[in-house]
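The structure file work-v1.txt is reproduced below (compact mmCIF, C-alpha atoms and all ligand atoms).
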# COMPACT_ATOMS: atom_id res chain seq x y z
CA MET A 1 2.16 -27.38 76.28
CA LYS A 2 3.67 -24.94 73.85
CA GLU A 3 4.40 -26.21 70.37
CA ILE A 4 7.11 -25.02 68.02
CA ASN A 5 6.45 -25.99 64.41
CA ILE A 6 9.36 -27.25 62.38
CA GLY A 7 9.58 -27.40 58.59
CA LEU A 8 12.33 -29.61 57.22
CA LEU A 9 13.64 -29.04 53.69
CA GLY A 10 15.45 -32.09 52.34
CA CYS A 11 14.89 -35.55 53.80
CA GLY A 12 18.05 -37.31 52.64
CA THR A 13 20.58 -38.84 55.01
CA ILE A 14 20.87 -35.96 57.50
CA GLY A 15 17.24 -34.92 57.13
CA THR A 16 16.13 -38.44 57.95
CA GLY A 17 18.35 -38.39 61.05
CA VAL A 18 16.79 -35.07 62.13
CA ALA A 19 13.26 -36.42 61.59
CA LYS A 20 14.20 -39.53 63.54
CA ILE A 21 15.31 -37.51 66.57
CA LEU A 22 12.30 -35.18 66.42
CA ILE A 23 9.87 -38.10 66.21
CA GLU A 24 11.52 -40.85 68.22
CA LYS A 25 13.02 -38.62 70.96
CA LYS A 26 10.06 -36.32 71.31
CA ASP A 27 9.78 -36.94 75.05
CA LEU A 28 13.48 -36.33 75.67
CA ILE A 29 13.26 -33.02 73.84
CA ILE A 30 10.09 -32.00 75.69
CA SER A 31 11.80 -32.79 78.99
CA ARG A 32 14.75 -30.59 78.04
CA VAL A 33 13.00 -27.75 76.25
CA GLY A 34 9.65 -27.59 78.02
CA ALA A 35 7.85 -27.45 74.70
CA SER A 36 7.09 -29.82 71.87
CA LEU A 37 9.10 -29.53 68.65
CA ASN A 38 6.48 -30.57 66.15
CA LEU A 39 7.72 -31.78 62.74
CA LYS A 40 4.95 -30.28 60.66
CA TYR A 41 6.54 -30.83 57.25
CA ALA A 42 9.43 -32.73 55.73
CA ALA A 43 9.83 -31.72 52.08
CA ASP A 44 11.65 -33.89 49.59
CA ILE A 45 11.36 -34.75 45.91
CA ASP A 46 10.99 -38.41 46.88
CA ILE A 47 8.28 -38.94 49.48
CA LYS A 48 7.66 -42.59 48.61
CA LYS A 49 10.94 -44.08 49.78
CA ASP A 50 10.99 -46.01 53.05
CA ARG A 51 13.05 -43.97 55.52
CA GLY A 52 12.46 -46.31 58.43
CA ILE A 53 10.43 -43.67 60.31
CA ARG A 54 6.67 -43.33 60.86
CA PHE A 55 5.73 -39.87 59.67
CA ASP A 56 2.25 -38.59 60.54
CA ASP A 57 -0.06 -38.19 57.56
CA GLY A 58 0.60 -35.04 55.54
CA VAL A 59 4.09 -34.44 56.96
CA LEU A 60 5.95 -35.58 53.84
CA VAL A 61 5.42 -33.09 51.03
CA THR A 62 7.13 -32.42 47.71
CA ASP A 63 6.64 -28.65 47.65
CA ALA A 64 9.39 -26.96 49.67
CA TYR A 65 7.86 -23.51 49.07
CA LYS A 66 4.70 -24.68 50.86
CA VAL A 67 6.91 -25.14 53.93
CA VAL A 68 8.69 -21.76 53.88
CA ASN A 69 5.43 -19.94 53.10
CA ASP A 70 3.34 -21.61 55.82
CA PRO A 71 2.60 -18.99 58.53
CA ASP A 72 2.51 -21.74 61.21
CA ILE A 73 6.11 -22.77 60.64
CA ASP A 74 8.44 -21.26 63.25
CA ILE A 75 11.76 -22.85 62.31
CA VAL A 76 12.90 -23.93 58.84
CA ILE A 77 15.70 -26.49 58.65
CA GLU A 78 17.45 -26.51 55.27
CA LEU A 79 19.22 -29.79 54.50
CA ILE A 80 18.97 -29.82 50.71
CA GLY A 81 22.59 -28.72 50.30
CA GLY A 82 24.32 -27.02 47.38
CA GLU A 83 24.06 -23.49 46.08
CA GLY A 84 20.92 -23.81 43.94
CA ILE A 85 17.35 -23.92 45.26
CA ALA A 86 18.60 -24.06 48.87
CA LYS A 87 19.66 -20.41 48.65
CA ASP A 88 16.32 -19.28 47.31
CA LEU A 89 14.42 -21.23 49.95
CA ILE A 90 16.54 -19.86 52.81
CA LEU A 91 16.12 -16.28 51.58
CA LYS A 92 12.38 -16.84 51.26
CA ALA A 93 12.20 -18.32 54.78
CA ILE A 94 14.13 -15.32 56.15
CA ASP A 95 11.88 -12.94 54.27
CA ASN A 96 8.88 -14.69 55.84
CA GLY A 97 10.40 -14.11 59.29
CA LYS A 98 11.25 -17.75 60.01
CA GLN A 99 14.16 -18.80 62.18
CA VAL A 100 16.53 -20.84 60.00
CA VAL A 101 18.88 -23.76 60.60
CA THR A 102 21.20 -24.97 57.85
CA ALA A 103 24.06 -27.42 57.44
CA ASN A 104 24.94 -26.01 54.05
CA LYS A 105 28.67 -25.23 54.13
CA ALA A 106 29.02 -24.68 50.37
CA LEU A 107 26.18 -22.17 50.40
CA LEU A 108 27.49 -20.26 53.42
CA ALA A 109 31.05 -20.22 52.05
CA GLY A 110 29.86 -18.95 48.67
CA HIS A 111 26.90 -16.70 49.59
CA GLY A 112 27.06 -16.38 53.38
CA ASN A 113 27.63 -12.61 53.40
CA GLU A 114 24.43 -12.04 51.44
CA ILE A 115 22.41 -14.55 53.47
CA PHE A 116 23.59 -13.28 56.87
CA LYS A 117 22.89 -9.69 55.77
CA ALA A 118 19.33 -10.68 54.86
CA ALA A 119 18.85 -12.42 58.25
CA GLU A 120 20.34 -9.41 60.05
CA GLU A 121 18.01 -6.99 58.28
CA LYS A 122 14.96 -9.15 58.95
CA GLY A 123 15.96 -9.70 62.58
CA VAL A 124 15.89 -13.49 62.42
CA ASP A 125 18.43 -16.01 63.64
CA LEU A 126 20.30 -18.32 61.34
CA ALA A 127 22.10 -21.25 62.95
CA PHE A 128 24.67 -23.42 61.19
CA GLU A 129 26.48 -25.67 63.68
CA ALA A 130 26.22 -28.70 61.37
CA SER A 131 27.96 -26.90 58.52
CA VAL A 132 31.38 -27.54 60.06
CA GLY A 133 32.66 -30.60 61.87
CA GLY A 134 29.44 -32.60 62.17
CA CYS A 135 28.74 -33.23 65.86
CA MET A 136 31.60 -31.07 67.18
CA PRO A 137 30.26 -27.83 68.69
CA ILE A 138 32.83 -25.65 66.96
CA VAL A 139 30.41 -22.89 65.95
CA LYS A 140 29.08 -22.73 69.51
CA SER A 141 32.65 -22.74 70.83
CA LEU A 142 33.70 -19.82 68.64
CA ARG A 143 30.46 -17.85 69.05
CA GLU A 144 29.97 -18.44 72.77
CA SER A 145 32.58 -20.35 74.77
CA LEU A 146 35.59 -18.47 73.42
CA VAL A 147 34.02 -15.02 73.47
CA GLY A 148 36.74 -13.67 75.78
CA ASN A 149 39.57 -14.76 73.50
CA TYR A 150 41.48 -13.36 70.59
CA ILE A 151 41.85 -16.45 68.42
CA LYS A 152 45.46 -17.06 67.46
CA SER A 153 45.05 -20.07 65.20
CA ILE A 154 42.78 -22.85 64.02
CA THR A 155 44.10 -26.14 62.70
CA GLY A 156 41.61 -28.75 61.67
CA ILE A 157 40.96 -32.08 60.03
CA LEU A 158 37.60 -31.13 58.59
CA ASN A 159 36.94 -33.69 55.88
CA GLY A 160 36.17 -37.26 56.88
CA THR A 161 36.57 -38.61 53.36
CA CYS A 162 40.13 -37.34 52.94
CA ASN A 163 41.08 -38.39 56.45
CA TYR A 164 39.65 -41.84 55.80
CA ILE A 165 41.57 -42.21 52.54
CA LEU A 166 44.88 -41.03 54.01
CA SER A 167 44.44 -43.25 57.08
CA LYS A 168 43.59 -46.29 54.95
CA ILE A 169 46.64 -45.80 52.71
CA THR A 170 48.91 -45.17 55.71
CA ASP A 171 47.72 -47.89 58.06
CA ASP A 172 46.26 -50.59 55.82
CA GLY A 173 48.18 -50.12 52.57
CA SER A 174 44.88 -49.57 50.71
CA SER A 175 44.90 -47.96 47.31
CA PHE A 176 43.51 -44.43 46.92
CA GLU A 177 40.68 -45.70 44.74
CA SER A 178 39.52 -48.47 47.05
CA ALA A 179 39.68 -46.16 50.10
CA LEU A 180 37.59 -43.56 48.26
CA LYS A 181 35.09 -46.23 47.27
CA GLN A 182 34.77 -47.31 50.92
CA ALA A 183 34.27 -43.67 52.00
CA GLN A 184 31.50 -43.36 49.42
CA ASP A 185 29.93 -46.65 50.54
CA ASN A 186 30.01 -45.40 54.14
CA GLY A 187 28.06 -42.34 53.04
CA PHE A 188 30.35 -39.51 54.09
CA ALA A 189 31.74 -38.49 50.69
CA GLU A 190 30.05 -35.63 48.84
CA ALA A 191 27.88 -36.49 45.82
CA ASP A 192 30.79 -35.10 43.78
CA PRO A 193 33.82 -36.55 45.62
CA ALA A 194 36.11 -34.01 43.91
CA LEU A 195 34.78 -31.54 46.49
CA ASP A 196 36.34 -33.74 49.17
CA ILE A 197 39.50 -34.89 47.40
CA GLU A 198 40.47 -31.49 46.03
CA GLY A 199 40.14 -29.82 49.44
CA ILE A 200 37.17 -27.63 48.48
CA ASP A 201 34.83 -28.95 51.18
CA THR A 202 37.55 -28.35 53.78
CA ALA A 203 38.02 -24.79 52.48
CA HIS A 204 34.26 -24.13 52.67
CA LYS A 205 34.42 -25.04 56.35
CA LEU A 206 37.59 -23.02 56.94
CA ALA A 207 35.97 -19.95 55.37
CA ILE A 208 33.13 -20.20 57.91
CA LEU A 209 35.51 -20.73 60.83
CA THR A 210 37.84 -17.84 59.96
CA SER A 211 34.87 -15.50 59.84
CA LEU A 212 33.72 -16.60 63.30
CA ALA A 213 37.21 -16.61 64.75
CA TYR A 214 38.48 -13.23 63.59
CA GLY A 215 35.37 -11.16 62.97
CA MET A 216 35.77 -11.00 59.22
CA GLU A 217 33.46 -11.36 56.26
CA ILE A 218 33.27 -14.88 54.88
CA ASN A 219 36.06 -15.06 52.37
CA PHE A 220 36.27 -18.37 50.54
CA LYS A 221 37.88 -17.20 47.34
CA ASP A 222 41.18 -16.14 48.94
CA ILE A 223 41.81 -19.44 50.70
CA TYR A 224 44.69 -21.41 49.20
CA ILE A 225 43.44 -24.93 48.36
CA GLU A 226 45.39 -28.04 47.50
CA GLY A 227 43.79 -31.49 47.77
CA ILE A 228 45.16 -34.98 48.37
CA SER A 229 45.06 -36.40 44.85
CA GLY A 230 48.83 -35.92 44.44
CA ILE A 231 49.73 -37.80 47.63
CA THR A 232 51.45 -41.11 46.94
CA PRO A 233 52.07 -44.14 49.18
CA LEU A 234 55.80 -43.46 48.70
CA ASP A 235 55.54 -40.01 50.32
CA ILE A 236 53.38 -41.40 53.11
CA GLU A 237 56.09 -44.00 53.71
CA PHE A 238 58.88 -41.40 53.71
CA ALA A 239 56.82 -39.22 56.05
CA GLY A 240 56.63 -42.16 58.46
CA GLN A 241 60.40 -42.58 58.35
CA PHE A 242 60.78 -38.94 59.48
CA GLY A 243 58.22 -39.40 62.27
CA TYR A 244 55.39 -37.69 60.40
CA ARG A 245 51.90 -38.51 59.22
CA ILE A 246 50.25 -36.75 56.30
CA LYS A 247 46.88 -35.09 56.97
CA LEU A 248 44.74 -32.76 54.91
CA LEU A 249 44.74 -29.75 57.22
CA ALA A 250 42.77 -26.54 57.28
CA ILE A 251 45.19 -24.01 58.76
CA SER A 252 44.46 -20.47 59.77
CA LYS A 253 46.81 -18.18 61.69
CA ASN A 254 46.17 -14.71 62.98
CA ARG A 255 48.93 -12.43 61.69
CA GLY A 256 47.68 -9.19 63.23
CA ASN A 257 46.24 -7.15 60.38
CA ALA A 258 46.01 -10.19 58.12
CA ILE A 259 45.40 -13.91 58.41
CA GLU A 260 46.74 -17.05 56.83
CA ALA A 261 44.05 -19.40 55.55
CA ARG A 262 45.11 -22.47 53.65
CA VAL A 263 44.12 -26.07 52.97
CA HIS A 264 46.74 -28.56 51.89
CA PRO A 265 48.22 -31.97 52.71
CA THR A 266 50.58 -31.44 55.62
CA MET A 267 53.18 -33.54 57.39
CA ILE A 268 52.73 -33.35 61.13
CA PRO A 269 54.72 -35.10 63.86
CA SER A 270 53.23 -38.43 64.89
CA GLY A 271 53.22 -37.11 68.47
CA ASN A 272 50.83 -34.30 67.51
CA LEU A 273 47.29 -35.13 68.65
CA LEU A 274 45.94 -34.35 65.18
CA SER A 275 48.08 -37.08 63.69
CA ARG A 276 46.18 -39.58 65.89
CA VAL A 277 42.85 -38.55 64.38
CA ASN A 278 42.17 -41.39 61.98
CA GLY A 279 39.51 -42.87 59.77
CA SER A 280 36.60 -40.56 59.09
CA MET A 281 37.02 -38.70 62.38
CA ASN A 282 37.49 -34.91 62.45
CA ALA A 283 39.27 -32.71 64.96
CA ILE A 284 39.85 -29.01 65.41
CA ALA A 285 42.65 -27.46 67.46
CA ILE A 286 42.10 -23.86 68.47
CA SER A 287 44.55 -21.58 70.16
CA GLY A 288 43.15 -18.58 72.01
CA ASP A 289 45.00 -15.97 74.02
CA ALA A 290 43.05 -16.78 77.19
CA VAL A 291 42.30 -20.51 76.91
CA GLY A 292 45.63 -21.50 75.39
CA ASP A 293 45.26 -24.66 73.32
CA MET A 294 42.02 -26.60 73.12
CA MET A 295 40.75 -29.31 70.84
CA LEU A 296 37.45 -30.80 69.68
CA TYR A 297 37.26 -34.34 68.29
CA GLY A 298 34.32 -36.25 66.85
CA HIS A 299 32.39 -37.49 63.87
CA GLY A 300 32.49 -34.81 61.19
CA ALA A 301 29.97 -36.53 58.96
CA GLY A 302 27.28 -39.18 58.99
CA MET A 303 23.56 -39.26 59.65
CA MET A 304 23.16 -39.13 63.42
CA PRO A 305 26.24 -37.06 64.45
CA THR A 306 25.30 -34.33 61.96
CA ALA A 307 21.60 -34.59 62.80
CA GLY A 308 22.55 -34.11 66.46
CA ALA A 309 24.17 -30.76 65.59
CA VAL A 310 21.08 -29.70 63.61
CA ILE A 311 18.87 -30.54 66.60
CA SER A 312 21.17 -28.55 68.91
CA ASP A 313 20.67 -25.49 66.68
CA THR A 314 16.93 -26.12 66.43
CA VAL A 315 16.60 -26.30 70.20
CA ASP A 316 18.64 -23.08 70.61
CA LEU A 317 16.24 -21.28 68.28
CA ALA A 318 13.19 -22.87 69.92
CA ARG A 319 14.42 -21.69 73.32
CA ASN A 320 14.86 -18.18 71.90
CA LEU A 321 11.28 -18.24 70.62
CA LEU A 322 9.97 -19.49 73.96
CA SER A 323 11.76 -16.80 75.93
CA GLY A 324 11.08 -14.05 73.40
CA ALA A 325 14.82 -13.56 72.80
CA LYS A 326 16.02 -12.64 69.35
CA LYS A 327 19.53 -12.45 67.97
CA ARG A 328 20.97 -12.99 71.44
CA ILE A 329 24.25 -14.12 69.87
CA PRO A 330 25.56 -12.33 66.79
CA LEU A 331 25.17 -14.52 63.73
CA LEU A 332 28.83 -14.42 62.79
CA SER A 333 30.12 -14.21 66.36
CA TYR A 334 30.96 -10.48 66.21
CA GLN A 335 28.45 -7.62 66.12
CA SER A 336 27.77 -6.88 62.47
CA GLU A 337 29.27 -3.38 62.71
CA SER A 338 32.51 -4.92 64.03
CA ILE A 339 32.90 -7.34 61.14
CA ARG A 340 35.78 -6.24 58.92
CA LYS A 341 37.31 -7.23 55.64
CA ILE A 342 40.57 -8.82 56.76
CA LEU A 343 43.32 -9.53 54.26
CA VAL A 344 43.98 -13.21 53.62
CA LEU A 345 47.68 -13.44 52.89
CA SER A 346 48.67 -15.02 49.61
CA VAL A 347 50.20 -18.43 50.18
CA ASP A 348 53.39 -17.01 48.65
CA GLU A 349 53.80 -14.92 51.78
CA ILE A 350 53.69 -17.76 54.30
CA SER A 351 56.80 -19.33 55.78
CA THR A 352 56.91 -22.95 56.83
CA TYR A 353 59.01 -26.11 56.52
CA TYR A 354 59.00 -28.21 53.37
CA TYR A 355 59.48 -31.78 52.24
CA PHE A 356 60.70 -32.23 48.66
CA ARG A 357 61.02 -35.43 46.72
CA PHE A 358 62.87 -35.23 43.46
CA SER A 359 63.45 -38.10 41.08
CA ALA A 360 66.93 -37.51 39.77
CA VAL A 361 69.44 -39.38 37.65
CA ASP A 362 71.96 -41.18 39.81
CA HIS A 363 75.09 -39.24 38.70
CA PRO A 364 77.81 -37.45 40.61
CA GLY A 365 77.07 -33.74 41.04
CA VAL A 366 73.29 -34.06 40.97
CA LEU A 367 72.87 -33.19 44.63
CA SER A 368 75.09 -30.12 44.37
CA LYS A 369 73.05 -28.86 41.41
CA ILE A 370 69.80 -29.19 43.39
CA SER A 371 71.22 -27.69 46.57
CA GLY A 372 72.77 -24.91 44.46
CA VAL A 373 69.32 -23.82 43.29
CA LEU A 374 67.93 -23.99 46.82
CA GLY A 375 70.88 -21.90 48.05
CA LYS A 376 70.29 -19.34 45.31
CA TYR A 377 66.82 -18.71 46.75
CA GLY A 378 68.00 -18.67 50.36
CA ILE A 379 66.43 -22.03 51.24
CA SER A 380 68.36 -23.81 53.92
CA ILE A 381 68.37 -27.61 53.86
CA LYS A 382 67.80 -29.39 57.18
CA SER A 383 68.47 -32.89 55.89
CA VAL A 384 68.97 -34.79 52.62
CA HIS A 385 68.26 -38.45 52.02
CA GLN A 386 68.79 -40.52 48.94
CA LYS A 387 66.11 -43.10 49.50
CA GLY A 388 65.42 -46.49 48.04
CA ARG A 389 66.56 -48.11 44.87
CA LYS A 390 66.88 -46.84 41.37
CA SER A 391 63.80 -47.17 39.22
CA GLU A 392 63.74 -46.34 35.51
CA GLY A 393 67.17 -44.72 35.86
CA SER A 394 66.07 -42.34 38.64
CA VAL A 395 66.59 -42.28 42.39
CA PRO A 396 64.35 -40.47 44.87
CA ILE A 397 66.12 -37.62 46.63
CA VAL A 398 64.24 -36.42 49.68
CA MET A 399 64.99 -33.11 51.36
CA LEU A 400 63.59 -31.38 54.41
CA THR A 401 64.08 -27.63 54.72
CA HIS A 402 64.42 -25.16 57.54
CA LEU A 403 61.86 -22.36 57.67
CA ALA A 404 61.44 -21.03 54.13
CA ARG A 405 59.23 -18.55 52.34
CA GLU A 406 56.70 -20.12 49.97
CA ALA A 407 57.45 -17.67 47.16
CA ASP A 408 61.15 -18.64 47.26
CA VAL A 409 60.30 -22.32 47.53
CA LYS A 410 58.05 -22.18 44.47
CA LYS A 411 60.72 -20.49 42.36
CA ALA A 412 63.39 -22.96 43.47
CA PHE A 413 61.08 -25.96 43.02
CA SER A 414 60.16 -24.92 39.52
CA GLU A 415 63.81 -24.32 38.59
CA ILE A 416 64.86 -27.68 40.02
CA THR A 417 62.09 -29.61 38.29
CA SER A 418 63.11 -28.09 34.97
CA LEU A 419 66.71 -29.32 35.37
CA GLU A 420 67.54 -32.08 32.90
CA ILE A 421 68.77 -34.32 35.69
CA VAL A 422 65.36 -34.26 37.35
CA ASN A 423 62.28 -35.91 35.90
CA ASP A 424 58.84 -34.44 36.28
CA LYS A 425 57.56 -36.49 39.20
CA SER A 426 58.71 -34.12 41.92
CA VAL A 427 56.70 -33.61 45.09
CA LEU A 428 56.41 -30.75 47.58
CA ILE A 429 54.59 -31.19 50.88
CA ARG A 430 54.45 -28.56 53.63
CA ILE A 431 55.40 -29.51 57.17
CA GLU A 432 53.95 -28.05 60.36
CA ASP A 433 56.24 -29.06 63.20
CA GLU A 434 55.87 -27.33 66.52
CA ASN A 435 58.99 -29.14 67.77
CA TRP A 436 61.32 -27.35 65.38
CA GLN A 437 62.79 -24.16 66.77
CA GLU A 438 64.45 -21.73 64.34
N1 LIG B 501 32.01 -34.97 52.65
C1 LIG B 501 32.16 -34.45 53.98
C2 LIG B 501 33.26 -35.23 54.67
C3 LIG B 501 30.86 -34.57 54.72
O1 LIG B 501 33.76 -36.21 54.11
O2 LIG B 501 33.67 -34.84 55.74
C4 LIG B 501 30.77 -33.72 55.95
O3 LIG B 501 30.82 -32.36 55.66

Now that the file is in, can you turn its structure into structure tokens?
Amino acid sequence: MKEINIGLLGCGTIGTGVAKILIEKKDLIISRVGASLNLKYAADIDIKKDRGIRFDDGVLVTDAYKVVNDPDIDIVIELIGGEGIAKDLILKAIDNGKQVVTANKALLAGHGNEIFKAAEEKGVDLAFEASVGGCMPIVKSLRESLVGNYIKSITGILNGTCNYILSKITDDGSSFESALKQAQDNGFAEADPALDIEGIDTAHKLAILTSLAYGMEINFKDIYIEGISGITPLDIEFAGQFGYRIKLLAISKNRGNAIEARVHPTMIPSGNLLSRVNGSMNAIAISGDAVGDMMLYGHGAGMMPTAGAVISDTVDLARNLLSGAKKRIPLLSYQSESIRKILVLSVDEISTYYYFRFSAVDHPGVLSKISGVLGKYGISIKSVHQKGRKSEGSVPIVMLTHLAREADVKKAFSEITSLEIVNDKSVLIRIEDENWQE
């Protein structure tokens, strides 16, 4: 039987899951692939720790360069993560003509254009299903299943940690800190949880998806990013009273010659399927001109769901090697000569609906002052609510707007928050509501 030799770089949580499948499901894989995927090396700085798997002698090594330089290795799987040594090892593996699998979203978002160019020039495949959405086959969907579609929009819950925290606060009344701690204990938060909380991890994933969806270079730096650290239980409660739930969404819309790409907490109607995606689960809604609306739902993080996606990529590349096929599917979904630089619109140029919460002194004329500023910038108010009781001399005034331009909203918001009658704890949350017709 033919053997394909695999070299694994990084044997942490996901790497251990990958090794587990390769070793413990060897027969299943042989029966599906018709060849044996042989885990020749698993490189990690710690080869002493008990991973609960029986590795053959000599498989665990500490020298990752030994793996990428071994002429017998056919496929290198990079699961070290981050933008440091992982980049060097991937470039070395490509240079040595290896097929490469990676789950490294931060690396692809930050250096993907350089890495894909190197793979293109060397004529090797680079697969990255596990970089976005864990077990959900979103890369395969965009690269293969949706090939006959112009993609109109992508809306996703792409970070399990943030979704877990928001769900815990909303449904269980947990505090932000205890929900984050639980997410960390469950093993889906990043080593630096600021990457999760501040929306950066979600933006890494959105940068990869927009490239695949629209045929553009990976463009992380132009994505607008706002995380969930400013979301309070009070706003979650008000959202509920309006029939909304707050989710950290990755939103991308095709605007013809430009796209919108933004990550921010968003109020969505509780009837929207995405609002039902709770806990650490992820989901991605895609709208294509042929398929209409479709959605993927599943575990976006965790050992075995993510390892499953890595194995799917590994098997794809193994099948290519067995059949002699190379670069059957363009790395970034479009032929490299068709990939363009597409403008990512500044967030100031988007139009959406807004939720404002101002803390204002409870005096006559306060509302007219606030609505006067909104009127000055052409922002039309859909509803106003003076909610709850006075605290420390202030009352919360909650407003929902009709469709408004972000640039106008920012100017009005800043002018209102600098009014003497308003204290500095004002909140702005964008709303995406498909039920509102303007
Ligand atoms: N920290 C990420 C999350 C892991 O919480 O979703 C998966 O990319």

message: As a quick test: using all atoms listed in the file, which residues lie no more than 7 Å away from ligand LIG 501 (chain B)? Give them as a ChimeraX atom specification.
response: /A:131-134,158-162,188-190,196,201,300-301

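With CA of Ser414 in chain A on one side and CA of Glu432 in chain A on the other, the separation reads 22.0 Å.
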
If you count only C-alpha atoms, the residue of A:Gly173, A:Gly97, A:Gly34, A:Gly279 closest to Lys2 in chain A turns out to be A:Gly34

Nearest to Asn5 in chain A, restricted to all atoms listed in the file and choosing among A:Asn38, A:Gln184, A:Ser167, A:Ser351, comes out as A:Asn38

Near Val384 in chain A, counting all atoms listed in the file, which residues have an atom at most 7 Å away, once you skip same-chain residues fewer than 2 positions from it, shown as a ChimeraX atom specification? /A:386,398-400

Please write as a ChimeraX atom specification the list of polymer residues whose atoms come within 12 Å of (22.0, -29.4, 69.7), counting all atoms listed in the file and keeping to the coordinates of the file.
/A:18,21-22,29,32-33,101,127-130,134-140,304-319

Residues within 9 Å of Val76 in chain A, all atoms listed in the file, excluding chain neighbours under 6 positions, as number ranges by chain: A: 5-9, 67-68, 90, 93, 98-102, 314

Selection file, C-alpha atoms, as a short mmCIF file (atom, residue, chain, number, x, y, z; two decimals), keeping the file's coordinate frame:
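In the end it all went to result.cif:
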data_model
loop_
_atom_site.label_atom_id
_atom_site.label_comp_id
_atom_site.auth_asym_id
_atom_site.auth_seq_id
_atom_site.Cartn_x
_atom_site.Cartn_y
_atom_site.Cartn_z
CA ASN A 5 6.45 -25.99 64.41
CA ILE A 6 9.36 -27.25 62.38
CA GLY A 7 9.58 -27.40 58.59
CA LEU A 8 12.33 -29.61 57.22
CA LEU A 9 13.64 -29.04 53.69
CA VAL A 67 6.91 -25.14 53.93
CA VAL A 68 8.69 -21.76 53.88
CA ILE A 90 16.54 -19.86 52.81
CA ALA A 93 12.20 -18.32 54.78
CA LYS A 98 11.25 -17.75 60.01
CA GLN A 99 14.16 -18.80 62.18
CA VAL A 100 16.53 -20.84 60.00
CA VAL A 101 18.88 -23.76 60.60
CA THR A 102 21.20 -24.97 57.85
CA THR A 314 16.93 -26.12 66.43
#

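Between Gly215 in chain A and the candidates A:Tyr355, A:Phe55, A:Trp436, A:Tyr150, the tightest atom-to-atom separation, counting only C-alpha atoms, involves A:Tyr150.
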
Could you list, as a CSV table (one decimal) with C-alpha atoms, in the frame of the given file, every residue within 9 Å of Leu142 in chain A, counting all atoms listed in the file and ignoring same-chain residues fewer than 3 positions away?
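Output contents, as saved in result_6.csv:
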chain,number,residue,atom,x,y,z
A,137,PRO,CA,30.3,-27.8,68.7
A,138,ILE,CA,32.8,-25.6,67.0
A,139,VAL,CA,30.4,-22.9,66.0
A,145,SER,CA,32.6,-20.4,74.8
A,146,LEU,CA,35.6,-18.5,73.4
A,147,VAL,CA,34.0,-15.0,73.5
A,151,ILE,CA,41.8,-16.4,68.4
A,209,LEU,CA,35.5,-20.7,60.8
A,212,LEU,CA,33.7,-16.6,63.3
A,213,ALA,CA,37.2,-16.6,64.8
A,333,SER,CA,30.1,-14.2,66.4

Do you know which residues are at most 9 Å from Gly15 in chain A counting only C-alpha atoms, after dropping those on the same chain fewer than 2 positions away, and could you put them as a list in words? Leu8, Leu9, Gly10, Cys11, Gly12, Thr13, Gly17, Val18, Ala19, Lys20, Ala42, Ile77, Glu78, Leu79, Ile80, Met303 and Ala307 of chain A

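CA of Asn96 in chain A is positioned 19.1 Å from CA of Glu3 in chain A.
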
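Closest to Asp50 in chain A among A:Thr16, A:Thr352, A:Asp293, A:Ile339 is A:Thr16, based on only C-alpha atoms.
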
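Of note, CA of Lys341 in chain A and CA of Asn113 in chain A are spaced 11.3 Å apart.
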
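Within 10 Å of the file-frame point (46.8, -48.0, 43.6), and using all atoms listed in the file, the polymer residues found are Ile169, Gly173, Ser174, Ser175, Phe176, Glu177, Ser178, Ala179, Thr232 and Pro233 of chain A.
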
All residues 7 Å or closer to Pro265 in chain A, all atoms listed in the file, same chain fewer than 5 positions away omitted, as a PyMOL selection string: chain A and resi 227-228+246-249+429
